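*Asks:* Submitted below is the structure of interest, expressed as structure tokens.
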Amino acid sequence: MALDTFEHPIYAQRKYFVQEVAGLDDVFDFLDEWPQEKRDVTYEVMLDACRKAANRQLPASVVAANFSRFLKKNGKLADIEDVPLHLRRLSDRNVSGI
């Protein structure tokens, strides 16, 4: 079962690409790949928040906000300009695309 998705995706700068993080599943995957030597208190707090959100003890929106801060603190928050236009989710478009 897929975990909650975020209202707006977050873009994480990886070594060779920009990764779209759209929900809790993606955050768990990102944190699982986080280098062991960089797993500090901030990492542990982020992981704990994800677990609480997965158990419906914390809203996914709180995890999204904290994950953005986590990425920014670690220099991994991608600027929206780094993301190709065709890969951005345009949630404000209506069904007809107009």
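Letters A, B, ... mark the chains of the structure tokens in the order given; residue numbers begin at 1 per chain; ligand numbers begin at 1, in order shown.
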Residues at most 9 Å from segment 12-16 of chain A, counting only C-alpha atoms, excluding those fewer than 2 positions away in the same chain, as a ChimeraX atom specification?

*Replies:* /A:10,18-21,68,71,75-79,82

*Asks:* Atom CA of Asp26 of chain A and atom CA of Arg69 of chain A are how many Å apart?

*Replies:*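 Computing the Euclidean distance for atom CA of Asp26 of chain A and atom CA of Arg69 of chain A yields 15.8 Å.
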
*Asks:* Would you mind reading off the distance between atom CA of Glu37 of chain A and atom CA of Asn66 of chain A, one decimal, in Å?

*Replies:*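 Computing it gives 20.7 Å between the two atoms.
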
*Asks:* Give the answer as one residue: which of A:Ala65, A:Leu47, A:Leu31, A:Ala22 has the shortest atom-to-atom distance to Pro9 of chain A, using only C-alpha atoms?

*Replies:*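 Nearest to Pro9 of chain A: A:Ala22.
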
*Asks:* Atom CA of Gln57 of chain A and atom CA of Arg39 of chain A are how many Å apart?

*Replies:*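 Going from atom CA of Gln57 of chain A over to atom CA of Arg39 of chain A, I get 23.3 Å.
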
*Asks:* Would you please give, as an MDAnalysis selection string, all residues of segment 33-69 of chain A that DSSP assigns to helix (DSSP H, G or I) based on the backbone?

*Replies:* chainID A and resid 36:38 41:54 60:69

*Asks:* Choose the residue, out of A:Arg51, A:Tyr43, A:Tyr11, A:Glu33, that has the smallest atom-to-atom separation from Phe70 of chain A; count only C-alpha atoms.

*Replies:*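 Nearest candidate to Phe70 of chain A out of A:Arg51, A:Tyr43, A:Tyr11, A:Glu33: A:Tyr43.
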
*Asks:* Go through A:Val62, A:Asp4, A:Asp29, A:Asn74 one by one, measure the shortest atom-to-atom distance of each to Thr42 of chain A using only C-alpha atoms, and give the residue with the smallest value.

*Replies:*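 Among A:Val62, A:Asp4, A:Asp29, A:Asn74, it is A:Asn74 that comes nearest to Thr42 of chain A.
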